[in-house]
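Q: Input final.txt, format and content: compact mmCIF, C-alpha atoms and all ligand atoms.
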```
# COMPACT_ATOMS: atom_id res chain seq x y z
CA MET A 1 61.64 -9.65 -125.97
CA THR A 2 63.33 -6.39 -124.94
CA ILE A 3 62.22 -2.82 -125.70
CA THR A 4 65.34 -2.39 -127.85
CA GLU A 5 64.30 -5.37 -129.98
CA LEU A 6 60.73 -4.05 -130.27
CA VAL A 7 61.92 -0.59 -131.32
CA GLY A 8 64.35 -2.17 -133.81
CA GLU A 9 61.49 -4.14 -135.35
CA ILE A 10 59.31 -1.01 -135.58
CA LYS A 11 62.06 0.87 -137.40
CA LYS A 12 62.79 -2.07 -139.71
CA LYS A 13 59.17 -2.56 -140.72
CA LYS A 14 58.28 1.14 -140.52
CA SER A 15 55.25 0.00 -138.63
CA PHE A 16 53.92 0.14 -135.09
CA LEU A 17 50.81 -1.84 -135.98
CA CYS A 18 49.30 -4.43 -133.68
CA VAL A 19 46.77 -6.78 -135.27
CA GLY A 20 44.02 -7.88 -132.90
CA LEU A 21 43.11 -11.55 -133.19
CA ASP A 22 39.56 -11.41 -131.85
CA VAL A 23 38.04 -14.45 -133.54
CA ASP A 24 34.26 -14.60 -133.60
CA LEU A 25 33.13 -17.66 -135.57
CA THR A 26 29.93 -15.89 -136.64
CA LYS A 27 32.11 -13.44 -138.57
CA THR A 28 34.69 -15.80 -140.08
CA PRO A 29 34.41 -17.28 -143.59
CA SER A 30 32.12 -20.30 -143.68
CA HIS A 31 34.58 -22.52 -145.59
CA LEU A 32 36.83 -22.57 -142.51
CA LEU A 33 34.13 -24.04 -140.30
CA ASN A 34 34.75 -27.52 -141.76
CA THR A 35 38.43 -27.50 -140.75
CA GLU A 36 39.68 -29.24 -137.60
CA ASP A 37 40.34 -25.97 -135.72
CA PRO A 38 38.62 -23.05 -137.47
CA ILE A 39 39.89 -20.43 -134.98
CA PHE A 40 43.52 -21.47 -135.42
CA GLU A 41 43.17 -21.84 -139.19
CA PHE A 42 41.72 -18.32 -139.39
CA ASN A 43 44.52 -16.88 -137.22
CA LYS A 44 47.24 -18.75 -139.10
CA GLN A 45 46.14 -17.32 -142.44
CA ILE A 46 45.75 -13.79 -141.01
CA ILE A 47 49.22 -14.00 -139.41
CA ASP A 48 50.88 -15.34 -142.57
CA ALA A 49 49.29 -12.53 -144.59
CA THR A 50 50.14 -9.66 -142.21
CA HIS A 51 53.34 -10.53 -140.27
CA HIS A 52 55.54 -8.32 -142.49
CA LEU A 53 53.28 -5.31 -141.87
CA ALA A 54 52.76 -5.65 -138.11
CA VAL A 55 55.05 -5.70 -135.08
CA ALA A 56 52.54 -7.16 -132.62
CA TYR A 57 49.56 -9.50 -132.36
CA LYS A 58 46.95 -9.15 -129.64
CA PRO A 59 44.50 -11.99 -129.10
CA ASN A 60 41.84 -10.89 -126.64
CA THR A 61 41.37 -13.97 -124.44
CA ALA A 62 37.58 -13.42 -124.21
CA PHE A 63 37.25 -14.56 -127.81
CA TYR A 64 38.94 -17.88 -126.91
CA GLU A 65 37.46 -18.41 -123.44
CA ALA A 66 34.01 -18.12 -125.04
CA TYR A 67 34.67 -21.42 -126.85
CA GLY A 68 35.71 -23.29 -123.69
CA ILE A 69 38.59 -25.75 -123.72
CA LYS A 70 38.70 -25.78 -127.55
CA GLY A 71 39.08 -22.02 -127.60
CA TRP A 72 41.95 -22.16 -125.09
CA GLN A 73 43.64 -24.83 -127.24
CA SER A 74 43.27 -22.56 -130.29
CA LEU A 75 44.89 -19.73 -128.32
CA ASP A 76 47.76 -22.04 -127.32
CA LYS A 77 48.26 -23.11 -130.95
CA THR A 78 48.12 -19.48 -132.12
CA ILE A 79 50.78 -18.20 -129.72
CA ASN A 80 53.01 -21.22 -130.47
CA TYR A 81 52.61 -20.59 -134.18
CA ILE A 82 53.69 -16.95 -133.81
CA ASN A 83 56.60 -17.76 -131.49
CA GLN A 84 57.91 -20.54 -133.73
CA ASN A 85 57.48 -18.84 -137.10
CA TYR A 86 57.73 -15.13 -136.31
CA PRO A 87 59.71 -14.84 -133.04
CA GLU A 88 60.47 -11.17 -133.79
CA ILE A 89 56.80 -10.29 -133.25
CA PHE A 90 55.66 -8.87 -129.90
CA THR A 91 52.72 -10.78 -128.45
CA ILE A 92 50.03 -9.40 -126.15
CA ALA A 93 47.52 -11.45 -124.20
CA ASP A 94 44.65 -9.02 -123.75
CA ALA A 95 43.28 -10.64 -120.61
CA LYS A 96 42.85 -7.67 -118.22
CA ARG A 97 43.86 -9.66 -115.14
CA GLY A 98 44.92 -8.61 -111.63
CA ASP A 99 44.12 -9.98 -108.15
CA ILE A 100 45.72 -10.39 -104.73
CA GLY A 101 49.43 -11.09 -105.00
CA ASN A 102 49.62 -14.89 -104.98
CA THR A 103 46.76 -15.10 -107.50
CA SER A 104 48.40 -12.51 -109.77
CA THR A 105 51.56 -14.62 -109.70
CA MET A 106 49.57 -17.56 -111.07
CA TYR A 107 48.02 -15.36 -113.79
CA ALA A 108 51.51 -14.15 -114.71
CA LYS A 109 52.80 -17.74 -114.91
CA ALA A 110 49.85 -18.72 -117.11
CA PHE A 111 50.54 -15.99 -119.68
CA PHE A 112 54.33 -15.54 -119.43
CA GLU A 113 55.48 -19.11 -118.76
CA ASP A 114 52.84 -21.58 -119.95
CA LEU A 115 51.61 -19.62 -122.99
CA ASN A 116 54.87 -17.64 -123.41
CA PHE A 117 53.33 -14.29 -124.33
CA ASP A 118 55.61 -11.23 -124.23
CA SER A 119 53.00 -9.20 -122.38
CA VAL A 120 49.61 -9.25 -120.70
CA THR A 121 47.07 -6.52 -119.98
CA VAL A 122 46.13 -5.94 -116.34
CA ALA A 123 43.64 -3.79 -114.45
CA PRO A 124 45.13 -1.36 -111.88
CA TYR A 125 42.14 -1.29 -109.52
CA MET A 126 43.64 -3.58 -106.84
CA GLY A 127 46.86 -1.61 -106.62
CA SER A 128 50.60 -2.24 -106.39
CA ASP A 129 50.63 -5.74 -104.86
CA SER A 130 48.24 -6.95 -107.57
CA VAL A 131 50.46 -5.69 -110.41
CA GLU A 132 54.02 -6.15 -109.10
CA PRO A 133 53.87 -9.97 -109.42
CA PHE A 134 53.51 -9.46 -113.19
CA LEU A 135 56.29 -6.85 -113.27
CA ALA A 136 58.74 -9.28 -111.64
CA PHE A 137 59.13 -11.27 -114.87
CA LYS A 138 62.26 -10.30 -116.80
CA ASP A 139 61.79 -9.23 -120.44
CA LYS A 140 58.01 -9.56 -120.06
CA PHE A 141 55.69 -6.57 -120.08
CA THR A 142 52.64 -5.63 -118.07
CA ILE A 143 50.26 -3.37 -119.94
CA MET A 144 48.08 -1.57 -117.45
CA LEU A 145 44.71 -0.04 -118.29
CA ALA A 146 45.06 3.74 -117.94
CA LEU A 147 42.46 5.49 -120.11
CA THR A 148 40.36 3.01 -122.05
CA SER A 149 38.78 3.58 -125.44
CA ASN A 150 35.15 2.99 -124.46
CA LYS A 151 32.73 5.80 -123.59
CA GLY A 152 32.43 4.58 -120.00
CA GLY A 153 36.20 4.80 -119.72
CA LEU A 154 35.70 8.30 -118.36
CA ASP A 155 33.13 7.24 -115.73
CA PHE A 156 35.86 6.50 -113.18
CA GLN A 157 39.20 6.92 -115.00
CA GLY A 158 38.40 10.54 -115.88
CA LYS A 159 37.13 11.54 -112.40
CA ASP A 160 39.20 14.11 -110.55
CA LEU A 161 40.76 12.96 -107.29
CA ILE A 162 41.24 15.11 -104.17
CA ASN A 163 44.40 16.73 -105.60
CA ASN A 164 42.43 17.69 -108.74
CA LYS A 165 44.12 15.10 -110.91
CA PRO A 166 42.08 12.57 -112.85
CA LEU A 167 42.34 8.97 -111.72
CA TYR A 168 44.04 7.76 -114.92
CA LYS A 169 46.89 10.25 -114.39
CA GLU A 170 47.33 9.13 -110.80
CA VAL A 171 47.35 5.48 -111.97
CA ILE A 172 50.15 6.21 -114.46
CA LYS A 173 52.20 8.45 -112.13
CA THR A 174 52.01 6.18 -109.10
CA SER A 175 52.58 2.91 -110.98
CA LEU A 176 55.81 4.32 -112.46
CA THR A 177 57.22 4.29 -108.90
CA TRP A 178 56.53 0.58 -108.38
CA ASN A 179 59.18 -2.18 -108.39
CA ASN A 180 60.30 -3.12 -111.91
CA SER A 181 58.21 -0.33 -113.43
CA GLU A 182 60.53 -0.43 -116.46
CA ASN A 183 58.36 -3.43 -117.45
CA LEU A 184 55.19 -1.32 -117.51
CA MET A 185 53.26 -0.16 -120.54
CA PHE A 186 49.83 1.51 -120.55
CA VAL A 187 46.57 1.13 -122.47
CA VAL A 188 45.24 4.43 -123.78
CA GLY A 189 42.37 4.45 -126.27
CA ALA A 190 42.73 5.99 -129.71
CA THR A 191 39.30 7.52 -129.19
CA LYS A 192 40.88 9.72 -126.51
CA ALA A 193 43.47 11.43 -128.74
CA GLU A 194 43.10 14.77 -126.95
CA TYR A 195 44.47 13.22 -123.75
CA PHE A 196 47.82 12.07 -125.17
CA LYS A 197 49.58 15.42 -124.60
CA GLY A 198 48.92 15.28 -120.86
CA ILE A 199 49.81 11.59 -120.69
CA ARG A 200 53.16 12.17 -122.39
CA GLU A 201 53.93 14.87 -119.77
CA ILE A 202 53.83 12.21 -117.02
CA ALA A 203 54.97 9.15 -119.02
CA PRO A 204 57.27 10.50 -121.74
CA ASN A 205 59.05 7.24 -122.47
CA SER A 206 56.47 4.55 -121.71
CA PHE A 207 55.08 2.38 -124.49
CA LEU A 208 51.35 2.91 -124.97
CA LEU A 209 49.09 0.20 -126.39
CA VAL A 210 46.41 2.10 -128.29
CA PRO A 211 43.23 0.24 -129.26
CA GLY A 212 40.36 2.00 -130.97
CA VAL A 213 41.60 2.65 -134.51
CA GLY A 214 39.35 1.12 -137.17
CA ALA A 215 35.97 -0.16 -135.91
CA GLN A 216 35.87 2.31 -132.98
CA GLY A 217 36.73 5.30 -135.18
CA GLY A 218 39.89 6.55 -133.42
CA SER A 219 42.37 8.64 -135.41
CA LEU A 220 45.92 7.39 -136.03
CA GLU A 221 47.18 10.88 -136.85
CA GLY A 222 45.40 12.34 -133.80
CA VAL A 223 47.13 9.83 -131.51
CA CYS A 224 50.54 10.34 -133.10
CA GLU A 225 50.44 14.14 -132.85
CA PHE A 226 51.30 13.99 -129.14
CA GLY A 227 51.65 10.24 -128.49
CA LEU A 228 54.65 9.56 -130.70
CA ASN A 229 58.01 9.58 -128.94
CA LYS A 230 60.90 10.49 -131.22
CA GLU A 231 63.36 8.29 -129.31
CA ASN A 232 61.54 4.99 -129.08
CA ILE A 233 58.24 5.61 -130.96
CA GLY A 234 56.42 4.42 -127.83
CA LEU A 235 53.18 3.42 -129.54
CA LEU A 236 51.55 0.15 -130.55
CA ILE A 237 48.36 0.92 -132.44
CA ASN A 238 45.85 -1.92 -132.42
CA SER A 239 43.14 -2.66 -134.95
CA SER A 240 41.18 -5.90 -134.67
CA ARG A 241 37.84 -5.98 -136.54
CA GLY A 242 38.96 -3.36 -139.08
CA ILE A 243 41.64 -5.77 -140.31
CA ILE A 244 40.57 -9.35 -139.65
CA TYR A 245 36.98 -8.97 -140.85
CA ALA A 246 37.73 -6.94 -143.98
CA SER A 247 36.12 -9.79 -145.96
CA LYS A 248 33.97 -12.77 -145.01
CA GLY A 249 34.88 -14.57 -148.24
CA GLU A 250 37.68 -16.93 -149.21
CA ASP A 251 39.83 -13.83 -149.82
CA PHE A 252 39.69 -12.85 -146.12
CA ALA A 253 43.46 -13.07 -145.53
CA ASN A 254 44.23 -11.00 -148.62
CA ALA A 255 41.61 -8.42 -147.60
CA ALA A 256 43.17 -8.28 -144.11
CA GLN A 257 46.58 -7.75 -145.70
CA ILE A 258 45.23 -4.80 -147.71
CA GLU A 259 43.79 -3.14 -144.57
CA ALA A 260 47.00 -3.76 -142.61
CA GLN A 261 49.01 -2.36 -145.52
CA LYS A 262 46.94 0.86 -145.49
CA LEU A 263 47.70 1.43 -141.80
CA GLN A 264 51.37 0.49 -142.25
CA ALA A 265 51.71 3.01 -145.10
CA GLN A 266 50.22 5.77 -142.91
CA MET A 267 52.63 4.80 -140.12
CA ALA A 268 55.63 4.82 -142.46
CA LYS A 269 54.67 8.35 -143.51
CA ILE A 270 54.28 9.51 -139.90
CA LEU A 271 57.70 8.06 -139.02
CA ALA A 272 59.30 9.68 -142.07
CA ASP A 273 57.62 13.05 -141.37
CA ASN A 274 59.11 12.90 -137.86
CA ASN A 275 62.55 11.87 -139.16
CA ILE A 276 62.35 8.60 -137.24
CA ALA A 277 62.68 5.81 -139.80
O1 LIG B 301 40.53 0.44 -123.91
C1 LIG B 301 40.46 -0.62 -124.53
C2 LIG B 301 41.12 -1.77 -124.10
C3 LIG B 301 41.05 -2.89 -124.87
N1 LIG B 301 40.35 -2.91 -126.03
C4 LIG B 301 40.37 -4.15 -126.82
O2 LIG B 301 41.06 -3.90 -128.05
C5 LIG B 301 40.40 -4.54 -129.14
C6 LIG B 301 39.81 -3.51 -130.06
O3 LIG B 301 39.14 -4.14 -131.11
P1 LIG B 301 38.55 -3.37 -132.42
O4 LIG B 301 37.82 -4.45 -133.14
O5 LIG B 301 39.71 -2.83 -133.19
O6 LIG B 301 37.65 -2.30 -131.91
C7 LIG B 301 39.37 -5.46 -128.49
O7 LIG B 301 40.00 -6.68 -128.18
C8 LIG B 301 39.03 -4.71 -127.22
O8 LIG B 301 38.52 -5.56 -126.21
C9 LIG B 301 39.71 -1.80 -126.45
O9 LIG B 301 39.05 -1.76 -127.51
N2 LIG B 301 39.79 -0.68 -125.69
```
Once you've parsed the file, please lay out its structure as structure tokens.

A:
Amino acid sequence: MTITELVGEIKKKKSFLCVGLDVDLTKTPSHLLNTEDPIFEFNKQIIDATHHLAVAYKPNTAFYEAYGIKGWQSLDKTINYINQNYPEIFTIADAKRGDIGNTSTMYAKAFFEDLNFDSVTVAPYMGSDSVEPFLAFKDKFTIMLALTSNKGGLDFQGKDLINNKPLYKEVIKTSLTWNNSENLMFVVGATKAEYFKGIREIAPNSFLLVPGVGAQGGSLEGVCEFGLNKENIGLLINSSRGIIYASKGEDFANAAQIEAQKLQAQMAKILADNNIA
């Protein structure tokens, strides 16, 4: 997928919502547990109920790896289901990878070629040669952790460096000089809304994946105040638990649709207020 296609989809749906597919079988409806693949069945129903309200899905691979080979098969079925039925949707493997160059290339092949995700999250800690192998893939996106939503996100990311700039700013500024940096996006937590102004000063046009709305209490409006880019929107706002676990009953997909609809309606208003869509 290209950025132009993603922006077109956002404007068409009046939504920059990303639904997180973090399947925990202790939280899913019990009637699904008797099906052949409860994780896939859960995802399939959530996707069918929300695809018109969302522009992206983000399975966090931890929730699949935790179930061993069966979990990985469920992830494979889920991404195939999205790609076959809703190819206009942007897909994110939230895997937070990154290693020495030849290993990163294998991670990139796993997510971009074998699983055919549009994007994968990576950690910046090992530097340029650990991230550039991901960036080399055409029309695939590397979403680098910049300022994460958790409290400890400030332990290192928020520390000032020698030139008095916090680490997360240096990560963003430096990575934008790397090869194929047009394929970079950044993770910035919704719980850190007050930081978006400064981030937009150094990355005005980059897409930001923003987790932390919903269960973590981040504010959509707070993020959009400075995070929204009038040209390309530049935001994908993720909610996982707040949408997919809205009900534990047989009505779970309908309840998820209602929660997704609430966020989509707020996004449509924000876009209209900013004369964007
Ligand atoms: O800074 C970060 C980076 C990633 N995440 C992930 O996003 C979702 C959030 O789930 P909720 O249920 O909406 O809280 C989850 O997969 C996290 O691992 C994040 O929260 N913050």

Q: Between A:Leu75, A:Ala93, A:Ile237, A:Leu33, which has the minimum distance to Gln266 in chain A (counting only C-alpha atoms)?

A: A:Ile237

Q: Would you mind telling me which residue in A:Pro124, A:Gly249, A:Pro59, A:Gly101 lies nearest to Asp76 in chain A when using all atoms listed in the file?

A: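 That would be A:Pro59, the residue with the smallest distance to Asp76 in chain A.
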
Q: Within 7 Å of ligand LIG 301 (chain B), which residues show up when you count only C-alpha atoms and all ligand atoms? List them as a list in words, please.

A: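 Listed by chain and ascending number, the contacts are Gly20, Asp22, Asn60, Asp94, Leu147, Thr148, Ser149, Asn150, Val187, Val188, Gly189, Pro211, Gly212, Val213, Gly214, Ala215, Gln216, Asn238, Ser239, Ser240, Arg241 and Gly242 of chain A.
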
Q: Just to be explicit: take each residue in the selection above, keep C-alpha atoms, and write the result as a short mmCIF file (atom, residue, chain, number, x, y, z; two decimals), in the coordinates of the input.

A:
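Saved result, again_22.cif, follows:
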```cif
data_model
loop_
_atom_site.label_atom_id
_atom_site.label_comp_id
_atom_site.auth_asym_id
_atom_site.auth_seq_id
_atom_site.Cartn_x
_atom_site.Cartn_y
_atom_site.Cartn_z
CA GLY A 20 44.02 -7.88 -132.90
CA ASP A 22 39.56 -11.41 -131.85
CA ASN A 60 41.84 -10.89 -126.64
CA ASP A 94 44.65 -9.02 -123.75
CA LEU A 147 42.46 5.49 -120.11
CA THR A 148 40.36 3.01 -122.05
CA SER A 149 38.78 3.58 -125.44
CA ASN A 150 35.15 2.99 -124.46
CA VAL A 187 46.57 1.13 -122.47
CA VAL A 188 45.24 4.43 -123.78
CA GLY A 189 42.37 4.45 -126.27
CA PRO A 211 43.23 0.24 -129.26
CA GLY A 212 40.36 2.00 -130.97
CA VAL A 213 41.60 2.65 -134.51
CA GLY A 214 39.35 1.12 -137.17
CA ALA A 215 35.97 -0.16 -135.91
CA GLN A 216 35.87 2.31 -132.98
CA ASN A 238 45.85 -1.92 -132.42
CA SER A 239 43.14 -2.66 -134.95
CA SER A 240 41.18 -5.90 -134.67
CA ARG A 241 37.84 -5.98 -136.54
CA GLY A 242 38.96 -3.36 -139.08
#
```

Q: Could you list, as JSON, numbers by chain, every residue within 9 Å of Met144 in chain A, counting all atoms listed in the file and ignoring same-chain residues fewer than 3 positions away?

A: {"A": [96, 120, 121, 122, 123, 124, 131, 171, 172, 184, 185, 186, 187]}

Q: Interatomic distance between CA of Leu176 in chain A and CA of Leu209 in chain A?

A: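 According to the coordinates, CA of Leu176 in chain A and CA of Leu209 in chain A are separated by 16.0 Å.
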
Q: Just give me the gap between CA of Ile92 in chain A and CA of Ile143 in chain A in Å, one decimal is fine.

A: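 Value for the CA of Ile92 in chain A-CA of Ile143 in chain A distance: 8.7 Å.
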
Q: Compile the contact shell of Tyr168 in chain A as an MDAnalysis selection string: residues with an atom at most 7 Å away, counting all atoms listed in the file, same-chain residues fewer than 6 positions apart removed.

A: chainID A and resid 146:147 157:158

Q: Could you name the residues that touch Lys269 in chain A at 12 Å or less, counting only C-alpha atoms, but leaving out those on the same chain fewer than 4 positions away, as a PyMOL selection string?

A: chain A and resi 14-16+220-221+224+262-265+273-277

Q: Work out how far CA of Ala272 in chain A is from CA of Leu17 in chain A, in Å to one decimal.

A: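 Calculated distance between CA of Leu17 in chain A and CA of Ala272 in chain A is 15.6 Å.
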
Q: Can you list, as a list in words, every protein, DNA or RNA residue that comes within 10 Å of Lys44 in chain A when you count all atoms listed in the file, leaving out same-chain residues fewer than 6 positions away?

A: Pro38, Lys77, Thr78, Tyr81, Ile82 and Ala253 of chain A

Q: Show which residues sit within 8 Å of range 105-115 of chain A, as an MDAnalysis selection string. Count only C-alpha atoms, and ignore same-chain residues fewer than 5 positions away.

A: chainID A and resid 76 79:80 93 97:98 120 133:134 137 140

Q: Out of A:Thr191, A:Ser130, A:Ser74, A:Ser30, which residue has the shortest atom-to-atom distance to Gly222 in chain A when counting all atoms listed in the file?

A: A:Thr191
